[in-house]
file target04.cif (mmCIF, C-alpha atoms)
data_upload
#
loop_
_atom_site.label_atom_id
_atom_site.label_comp_id
_atom_site.auth_asym_id
_atom_site.auth_seq_id
_atom_site.Cartn_x
_atom_site.Cartn_y
_atom_site.Cartn_z
CA MET P 27 0.00 0.00 0.00
CA ARG P 28 1.32 3.44 -0.94
CA ARG P 29 1.36 5.90 1.91
CA ASP P 30 0.78 9.66 1.66
CA GLY P 31 4.37 10.19 2.71
CA ASP P 32 5.55 8.24 -0.34
CA VAL P 33 3.57 10.53 -2.64
CA HIS P 34 5.03 13.61 -1.00
CA HIS P 35 8.53 12.17 -1.32
CA GLN P 36 8.01 11.50 -5.03
CA ARG P 37 6.95 15.09 -5.57
CA ARG P 38 10.16 16.31 -3.96
CA VAL P 39 12.40 14.19 -6.16
CA ILE P 40 14.22 16.32 -8.73
CA GLU P 41 14.97 14.72 -12.08
CA ARG P 42 18.52 15.54 -13.10
CA LEU P 43 20.24 15.34 -16.48
CA GLY P 44 23.84 14.22 -16.59
CA THR P 45 26.34 16.49 -18.34
CA GLY P 46 28.52 13.64 -19.61
CA VAL P 47 31.64 15.31 -18.17
CA PRO P 48 33.45 12.86 -15.86
CA GLY P 49 33.61 14.25 -12.34
CA PHE P 50 31.31 17.22 -12.91
CA ASP P 51 27.85 15.89 -12.02
CA GLN P 52 28.91 15.16 -8.45
CA LEU P 53 29.52 18.91 -8.05
CA ILE P 54 25.82 19.63 -8.72
CA GLY P 55 23.99 16.86 -6.90
CA GLY P 56 24.02 14.39 -9.77
CA GLY P 57 23.19 16.60 -12.74
CA ILE P 58 21.29 19.64 -14.00
CA PRO P 59 17.64 19.71 -12.87
CA ARG P 60 15.22 19.05 -15.72
CA GLY P 61 13.78 22.23 -17.21
CA PHE P 62 16.61 24.47 -16.00
CA PHE P 63 18.20 27.14 -18.18
CA VAL P 64 21.86 27.31 -17.19
CA ALA P 65 24.34 30.03 -18.13
CA VAL P 66 27.79 28.71 -19.07
CA VAL P 67 30.09 31.71 -19.00
CA GLY P 68 33.75 32.56 -19.40
CA GLU P 69 36.45 33.98 -21.62
CA PRO P 70 37.26 32.45 -25.02
CA GLY P 71 39.21 29.19 -24.89
CA VAL P 72 38.14 28.03 -21.43
CA GLY P 73 36.01 25.04 -22.50
CA LYS P 74 32.43 26.28 -22.84
CA THR P 75 31.87 24.65 -26.23
CA VAL P 76 33.52 21.38 -25.20
CA PHE P 77 31.30 21.27 -22.09
CA SER P 78 28.26 21.87 -24.31
CA ILE P 79 29.32 19.12 -26.73
CA HIS P 80 29.51 16.67 -23.81
CA PHE P 81 26.03 17.72 -22.66
CA ILE P 82 24.53 17.01 -26.09
CA ALA P 83 26.51 13.78 -26.56
CA GLU P 84 25.15 12.51 -23.25
CA GLY P 85 21.64 13.44 -24.40
CA ILE P 86 22.14 11.40 -27.58
CA ARG P 87 23.38 8.46 -25.51
CA VAL P 88 20.35 8.40 -23.19
CA GLY P 89 17.77 9.01 -25.92
CA ASP P 90 16.87 12.68 -25.43
CA LYS P 91 15.95 15.05 -28.25
CA ASN P 92 18.89 17.36 -28.89
CA ILE P 93 19.29 20.78 -30.49
CA TYR P 94 22.56 22.68 -30.79
CA VAL P 95 22.60 26.29 -32.01
CA THR P 96 26.07 27.37 -33.11
CA THR P 97 26.81 31.05 -33.76
CA GLU P 98 30.61 31.17 -33.73
CA GLU P 99 31.56 28.17 -35.85
CA SER P 100 29.86 26.33 -38.70
CA ARG P 101 27.90 23.11 -38.39
CA ASP P 102 30.70 21.23 -40.17
CA SER P 103 33.27 22.63 -37.76
CA LEU P 104 31.19 21.57 -34.75
CA ILE P 105 30.78 18.05 -36.14
CA LYS P 106 34.55 17.79 -36.66
CA GLN P 107 35.25 19.07 -33.17
CA SER P 108 32.85 16.57 -31.61
CA SER P 109 34.52 13.73 -33.52
CA MET P 110 37.86 14.70 -31.93
CA PHE P 111 36.37 13.64 -28.61
CA GLY P 112 34.81 10.44 -29.91
CA PHE P 113 31.27 11.75 -30.48
CA ASP P 114 29.56 11.04 -33.81
CA PHE P 115 27.24 14.02 -34.26
CA GLU P 116 26.84 13.36 -37.98
CA ARG P 117 25.34 9.94 -37.31
CA ALA P 118 23.05 11.42 -34.65
CA ILE P 119 21.80 13.95 -37.21
CA ASN P 120 21.10 11.18 -39.73
CA ASP P 121 19.33 9.15 -37.02
CA ARG P 122 17.10 12.14 -36.21
CA LYS P 123 18.46 12.46 -32.68
CA LEU P 124 20.13 15.83 -33.19
CA VAL P 125 19.55 19.07 -35.07
CA ILE P 126 22.41 21.55 -35.38
CA ILE P 127 21.13 25.02 -36.23
CA ASP P 128 23.88 26.93 -38.02
CA ALA P 129 23.59 30.62 -37.15
CA LEU P 130 26.99 31.51 -38.60
CA MET P 131 26.90 30.58 -42.29
CA GLY P 132 23.30 31.63 -43.02
CA HIS P 133 22.78 29.45 -46.11
CA ARG P 134 19.45 30.26 -47.76
CA ASP P 135 18.92 26.68 -48.97
CA ASP P 136 19.64 25.16 -45.54
CA PRO P 137 16.47 24.45 -43.51
CA TRP P 138 18.47 24.44 -40.26
CA SER P 139 20.20 27.76 -40.69
CA LEU P 140 19.51 31.25 -39.36
CA HIS P 141 19.59 33.95 -42.00
CA GLU P 142 19.82 36.73 -39.43
CA LEU P 143 20.95 36.88 -35.79
CA ASP P 144 17.42 37.64 -34.69
CA VAL P 145 16.02 36.31 -31.40
CA ASP P 146 12.49 35.77 -32.72
CA GLU P 147 13.83 33.82 -35.69
CA LEU P 148 16.00 31.83 -33.31
CA ILE P 149 13.05 30.87 -31.10
CA ASN P 150 10.90 29.88 -34.07
CA LYS P 151 13.69 27.76 -35.55
CA ILE P 152 14.28 25.95 -32.24
CA ILE P 153 10.57 25.17 -31.93
CA GLU P 154 10.53 23.92 -35.53
CA ALA P 155 13.49 21.65 -34.75
CA LYS P 156 11.76 20.28 -31.63
CA ARG P 157 8.66 19.44 -33.66
CA TYR P 158 10.87 17.72 -36.23
CA LEU P 159 12.58 15.61 -33.55
CA GLY P 160 9.29 14.71 -31.91
CA TYR P 161 7.86 14.40 -28.42
CA GLY P 162 10.11 13.81 -25.44
CA ARG P 163 12.63 15.24 -23.04
CA ALA P 164 14.88 17.69 -24.86
CA ARG P 165 18.28 19.28 -24.48
CA LEU P 166 19.21 22.63 -25.98
CA VAL P 167 22.51 24.46 -26.36
CA ILE P 168 22.81 28.02 -27.67
CA ASP P 169 26.51 28.69 -28.22
CA SER P 170 26.71 31.57 -27.80
CA MET P 171 24.01 33.99 -26.73
CA SER P 172 26.47 36.88 -26.89
CA ALA P 173 26.22 36.96 -30.69
CA PHE P 174 22.60 38.16 -30.47
CA TRP P 175 23.38 41.39 -28.60
CA LEU P 176 26.87 42.39 -29.71
CA ASP P 177 25.55 45.64 -31.20
CA LYS P 178 22.92 46.26 -28.51
CA PRO P 179 24.14 44.97 -25.12
CA ALA P 180 21.32 46.67 -23.24
CA MET P 181 18.92 44.12 -24.75
CA ALA P 182 20.77 41.14 -23.29
CA ARG P 183 18.51 40.64 -20.28
CA LYS P 184 15.31 41.09 -22.31
CA TYR P 185 16.44 38.66 -25.02
CA SER P 186 17.52 36.08 -22.44
CA TYR P 187 14.22 36.37 -20.59
CA ASN P 188 12.16 35.98 -23.79
CA ILE P 189 14.06 32.86 -24.81
CA LYS P 190 13.57 31.27 -21.40
CA ARG P 191 9.89 32.27 -21.14
CA VAL P 192 8.92 30.82 -24.52
CA LEU P 193 11.13 27.73 -24.69
CA TYR P 194 10.51 26.61 -21.11
CA ARG P 195 7.12 25.30 -22.25
CA TRP P 196 8.80 22.91 -24.69
CA ASP P 197 10.47 20.73 -22.04
CA PHE P 198 13.99 21.95 -22.72
CA THR P 199 16.91 21.72 -20.35
CA ALA P 200 19.27 24.29 -21.79
CA LEU P 201 22.85 25.51 -21.68
CA LEU P 202 23.24 29.11 -22.82
CA THR P 203 26.87 30.11 -23.26
CA SER P 204 28.05 33.69 -22.97
CA GLN P 205 31.44 35.22 -23.75
CA TYR P 206 33.31 37.20 -21.16
CA ALA P 207 35.83 39.87 -22.11
CA VAL P 208 39.43 38.64 -22.00
CA THR P 209 40.79 41.77 -20.33
CA THR P 210 38.08 42.47 -17.75
CA SER P 211 36.36 39.07 -17.30
CA LEU P 212 33.07 40.96 -17.47
CA GLY P 213 30.03 39.66 -19.29
CA PHE P 214 28.71 41.37 -22.40
CA GLY P 215 25.33 42.83 -21.48
CA PHE P 216 24.80 41.76 -17.85
CA GLY P 217 21.79 39.73 -18.96
CA ILE P 218 21.99 35.99 -19.11
CA GLU P 219 23.08 35.34 -15.51
CA HIS P 220 20.10 37.25 -14.14
CA VAL P 221 17.50 34.96 -15.72
CA ALA P 222 19.41 31.67 -15.46
CA ASP P 223 18.54 28.92 -13.00
CA GLY P 224 22.23 28.10 -12.74
CA VAL P 225 25.57 29.69 -13.55
CA ILE P 226 28.65 27.62 -14.41
CA ARG P 227 31.77 29.70 -14.85
CA PHE P 228 34.96 28.58 -16.61
CA ARG P 229 38.29 30.31 -16.09
CA LYS P 230 41.87 29.95 -17.24
CA SER P 231 45.23 31.00 -15.83
CA ILE P 232 48.90 30.63 -16.64
CA VAL P 233 50.71 28.81 -13.83
CA LYS P 234 54.46 28.30 -14.15
CA GLY P 235 54.29 28.86 -17.91
CA ARG P 236 51.43 26.41 -18.53
CA MET P 237 47.78 27.19 -19.11
CA HIS P 238 45.33 25.67 -16.65
CA ARG P 239 41.54 25.64 -16.96
CA TYR P 240 39.10 25.79 -14.06
CA VAL P 241 35.37 25.60 -13.40
CA ILE P 242 33.21 26.76 -10.51
CA VAL P 243 29.46 26.46 -10.00
CA GLU P 244 28.34 29.93 -8.96
CA LYS P 245 24.63 29.16 -8.84
CA MET P 246 22.33 26.15 -9.17
CA ARG P 247 18.83 26.41 -7.77
CA GLN P 248 17.36 23.49 -5.81
CA THR P 249 20.87 22.05 -5.49
CA GLU P 250 23.51 21.79 -2.79
CA HIS P 251 26.36 22.41 -5.17
CA SER P 252 30.10 22.60 -4.64
CA LEU P 253 31.47 26.02 -3.74
CA THR P 254 35.02 25.02 -4.64
CA MET P 255 36.89 25.82 -7.82
CA HIS P 256 37.97 22.68 -9.69
CA GLU P 257 40.64 22.22 -12.32
CA ILE P 258 39.62 20.61 -15.61
CA GLU P 259 41.50 19.19 -18.55
CA ILE P 260 40.57 18.69 -22.21
CA VAL P 261 42.19 15.78 -24.03
CA ASN P 262 41.83 14.80 -27.69
CA GLY P 263 39.98 11.52 -28.06
CA LYS P 264 38.40 11.87 -24.61
CA GLY P 265 37.16 15.41 -24.10
CA MET P 266 36.74 17.20 -20.79
CA ARG P 267 37.08 15.84 -17.29
CA VAL P 268 37.31 17.32 -13.81
CA VAL P 269 40.80 16.75 -12.40
CA GLY P 270 40.10 17.84 -8.81
CA SER P 271 39.57 20.77 -6.49
CA THR P 272 42.17 23.51 -6.28
CA GLU P 273 43.48 25.80 -3.59
CA TYR P 274 42.58 28.82 -5.70
CA ARG P 275 39.59 31.05 -5.03
CA LYS P 276 37.53 33.07 -7.47
CA GLU P 277 39.21 36.19 -6.10
CA ASP P 278 42.62 34.84 -7.13
CA PHE P 279 41.60 35.22 -10.78
CA SER P 280 39.80 38.55 -10.49
CA LEU P 281 40.94 42.10 -10.99
CA PRO P 282 41.27 44.29 -7.89
CA GLN P 283 37.84 45.25 -6.57
CA HIS P 284 38.24 48.99 -7.17
CA VAL P 285 39.25 48.36 -10.81
CA THR P 286 36.30 46.04 -11.42
CA ALA P 287 33.94 48.57 -9.81
CA ARG P 288 35.05 51.32 -12.20
CA MET P 289 34.57 48.99 -15.18
CA ILE P 290 31.07 48.01 -14.03
CA VAL P 291 30.09 51.67 -13.63
CA SER P 292 31.35 52.35 -17.14
CA GLU P 293 29.35 49.42 -18.55
CA LEU P 294 26.17 50.52 -16.74
CA LYS P 295 26.54 54.04 -18.14
CA LYS P 296 26.63 52.54 -21.64
CA LEU P 297 23.42 50.64 -20.92
CA ILE P 298 21.63 53.73 -19.62
CA GLU P 299 22.71 55.77 -22.62
CA THR P 300 21.58 53.11 -25.14
CA PRO P 301 18.26 54.03 -26.86
CA ASP P 302 17.09 50.40 -26.76
CA ASN P 303 17.54 50.17 -23.01
CA PRO P 304 14.61 48.05 -21.72
CA ILE P 305 15.11 48.98 -18.06
#
call {"tool": "encode", "arguments": {"input": "target04.cif", "output": "structure tokens"}}
result
Amino acid sequence: MRRDGDVHHQRRVIERLGTGVPGFDQLIGGGIPRGFFVAVVGEPGVGKTVFSIHFIAEGIRVGDKNIYVTTEESRDSLIKQSSMFGFDFERAINDRKLVIIDALMGHRDDPWSLHELDVDELINKIIEAKRYLGYGRARLVIDSMSAFWLDKPAMARKYSYNIKRVLYRWDFTALLTSQYAVTTSLGFGFGIEHVADGVIRFRKSIVKGRMHRYVIVEKMRQTEHSLTMHEIEIVNGKGMRVVGSTEYRKEDFSLPQHVTARMIVSELKKLIETPDNPI
């Protein structure tokens, strides 16, 4: 006989989606909660795309519907990169398990291509791809969101909110990557983190003449996540894995507080002075 307490327990259980990155899921309670929109942020070259590739590859493995929007490299380039880590995205496309929406090349005769970097067109194309793939749990990557507001950063928060509000109804669990400036480590537009259910931040640093990559979970709702920075490595033929926790703190990679404060004030002034400011 099922007791009332059993029903209440079932309602509290959170379904989590694995990222496919060895050692990472244990940092976030076993995976990303279903339906979450997670910001994956950091400077160029820190591993955001590789992390996203793992997330989609794991979705293919477990039978989810998968959509990858690429804005900074072509579909062919993404397929080649995934193959370097042992993932066959081309086969998944042919098996109707994956749609890669190419927002870089803009081919007119390509049904899975964006002709303009327009948020409404993006949303419609993602919904079209979900209908094509069929009913079921779905994973989405938009890599990167920054491309949609490069010329109007004040719209970043509004665009991010609209994407989450509309696509949440379609049973997506999503990774939305965002570029950070190399010199300041500041985000372009101050938008995506504000609407995200989770924030995963990648960093890099030169230590004794060698580049090291790191990841820290800055936010993950409904999750007792790690508060420690962890080192990661990316290896051809294998992909990304978490090496272990480090003695470094977020502050060890940041600019002095007074410098960062001046930069933030400067960025906010730009937003206020922008005609399209939605605030």
call {"tool": "atom_distance", "arguments": {"input": "target04.cif", "atom1": "CA of Leu104 in chain P", "atom2": "CA of Ile127 in chain P"}}
result
10.7 Å
call {"tool": "residues_around", "arguments": {"input": "target04.cif", "residues": "Phe115 in chain P", "least_positions_apart": "5", "cutoff": "8 Å", "atoms": "all atoms listed in the file", "output": "PyMOL selection string"}}
result
chain P and resi 83+105+108-109+124
call {"tool": "atom_distance", "arguments": {"input": "target04.cif", "atom1": "CA of Val72 in chain P", "atom2": "CA of Thr203 in chain P"}}
result
11.6 Å
call {"tool": "residues_around", "arguments": {"input": "target04.cif", "residues": "Gly49 in chain P", "least_positions_apart": "4", "cutoff": "10 Å", "atoms": "only C-alpha atoms", "output": "number ranges by chain"}}
result
P: 45, 53, 56, 256, 258, 266-270
call {"tool": "residues_near_point", "arguments": {"input": "target04.cif", "point": "(36.2, 10.5, -27.1)", "cutoff": "10 Å", "atoms": "only C-alpha atoms", "output": "short mmCIF file (atom, residue, chain, number, x, y, z; two decimals) with C-alpha atoms, in the coordinates of the input"}}
result
data_model
loop_
_atom_site.label_atom_id
_atom_site.label_comp_id
_atom_site.auth_asym_id
_atom_site.auth_seq_id
_atom_site.Cartn_x
_atom_site.Cartn_y
_atom_site.Cartn_z
CA HIS P 80 29.51 16.67 -23.81
CA SER P 108 32.85 16.57 -31.61
CA SER P 109 34.52 13.73 -33.52
CA MET P 110 37.86 14.70 -31.93
CA PHE P 111 36.37 13.64 -28.61
CA GLY P 112 34.81 10.44 -29.91
CA PHE P 113 31.27 11.75 -30.48
CA ASP P 114 29.56 11.04 -33.81
CA VAL P 261 42.19 15.78 -24.03
CA ASN P 262 41.83 14.80 -27.69
CA GLY P 263 39.98 11.52 -28.06
CA LYS P 264 38.40 11.87 -24.61
CA GLY P 265 37.16 15.41 -24.10
CA MET P 266 36.74 17.20 -20.79
#
call {"tool": "resolve_selection", "arguments": {"input": "target04.cif", "expression": "the PyMOL selection byres ((chain P and resi 128-144) around 7)", "output": "PyMOL selection string"}}
result
chain P and resi 95-101+126-127+145-148+174
call {"tool": "resolve_selection", "arguments": {"input": "target04.cif", "expression": "the PyMOL selection byres ((chain P and resi 241-251) around 10)", "output": "PDB file with C-alpha atoms, in the coordinates of the input"}}
result
ATOM      1  CA  ILE P  40      14.220  16.320  -8.730  1.00  0.00           C
ATOM      2  CA  PHE P  50      31.310  17.220 -12.910  1.00  0.00           C
ATOM      3  CA  ASP P  51      27.850  15.890 -12.020  1.00  0.00           C
ATOM      4  CA  GLN P  52      28.910  15.160  -8.450  1.00  0.00           C
ATOM      5  CA  LEU P  53      29.520  18.910  -8.050  1.00  0.00           C
ATOM      6  CA  ILE P  54      25.820  19.630  -8.720  1.00  0.00           C
ATOM      7  CA  GLY P  55      23.990  16.860  -6.900  1.00  0.00           C
ATOM      8  CA  GLY P  56      24.020  14.390  -9.770  1.00  0.00           C
ATOM      9  CA  GLY P  57      23.190  16.600 -12.740  1.00  0.00           C
ATOM     10  CA  ILE P  58      21.290  19.640 -14.000  1.00  0.00           C
ATOM     11  CA  PRO P  59      17.640  19.710 -12.870  1.00  0.00           C
ATOM     12  CA  PHE P  62      16.610  24.470 -16.000  1.00  0.00           C
ATOM     13  CA  PHE P  63      18.200  27.140 -18.180  1.00  0.00           C
ATOM     14  CA  VAL P  64      21.860  27.310 -17.190  1.00  0.00           C
ATOM     15  CA  ALA P  65      24.340  30.030 -18.130  1.00  0.00           C
ATOM     16  CA  VAL P  66      27.790  28.710 -19.070  1.00  0.00           C
ATOM     17  CA  VAL P  67      30.090  31.710 -19.000  1.00  0.00           C
ATOM     18  CA  GLY P  68      33.750  32.560 -19.400  1.00  0.00           C
ATOM     19  CA  VAL P  72      38.140  28.030 -21.430  1.00  0.00           C
ATOM     20  CA  GLY P  73      36.010  25.040 -22.500  1.00  0.00           C
ATOM     21  CA  LYS P  74      32.430  26.280 -22.840  1.00  0.00           C
ATOM     22  CA  GLU P 219      23.080  35.340 -15.510  1.00  0.00           C
ATOM     23  CA  ALA P 222      19.410  31.670 -15.460  1.00  0.00           C
ATOM     24  CA  ASP P 223      18.540  28.920 -13.000  1.00  0.00           C
ATOM     25  CA  GLY P 224      22.230  28.100 -12.740  1.00  0.00           C
ATOM     26  CA  VAL P 225      25.570  29.690 -13.550  1.00  0.00           C
ATOM     27  CA  ILE P 226      28.650  27.620 -14.410  1.00  0.00           C
ATOM     28  CA  ARG P 227      31.770  29.700 -14.850  1.00  0.00           C
ATOM     29  CA  PHE P 228      34.960  28.580 -16.610  1.00  0.00           C
ATOM     30  CA  ARG P 229      38.290  30.310 -16.090  1.00  0.00           C
ATOM     31  CA  LYS P 230      41.870  29.950 -17.240  1.00  0.00           C
ATOM     32  CA  ARG P 239      41.540  25.640 -16.960  1.00  0.00           C
ATOM     33  CA  TYR P 240      39.100  25.790 -14.060  1.00  0.00           C
ATOM     34  CA  SER P 252      30.100  22.600  -4.640  1.00  0.00           C
ATOM     35  CA  LEU P 253      31.470  26.020  -3.740  1.00  0.00           C
ATOM     36  CA  THR P 254      35.020  25.020  -4.640  1.00  0.00           C
ATOM     37  CA  MET P 255      36.890  25.820  -7.820  1.00  0.00           C
ATOM     38  CA  HIS P 256      37.970  22.680  -9.690  1.00  0.00           C
ATOM     39  CA  GLU P 257      40.640  22.220 -12.320  1.00  0.00           C
ATOM     40  CA  ILE P 258      39.620  20.610 -15.610  1.00  0.00           C
ATOM     41  CA  VAL P 268      37.310  17.320 -13.810  1.00  0.00           C
ATOM     42  CA  SER P 271      39.570  20.770  -6.490  1.00  0.00           C
ATOM     43  CA  ARG P 275      39.590  31.050  -5.030  1.00  0.00           C
ATOM     44  CA  LYS P 276      37.530  33.070  -7.470  1.00  0.00           C
TER      45      LYS P 276
END
call {"tool": "resolve_selection", "arguments": {"input": "target04.cif", "expression": "the PyMOL selection byres ((chain P and resi 172) around 10)", "output": "PyMOL selection string"}}
result
chain P and resi 97-98+168-171+173-177+179+182+202-206+213-215+217-218
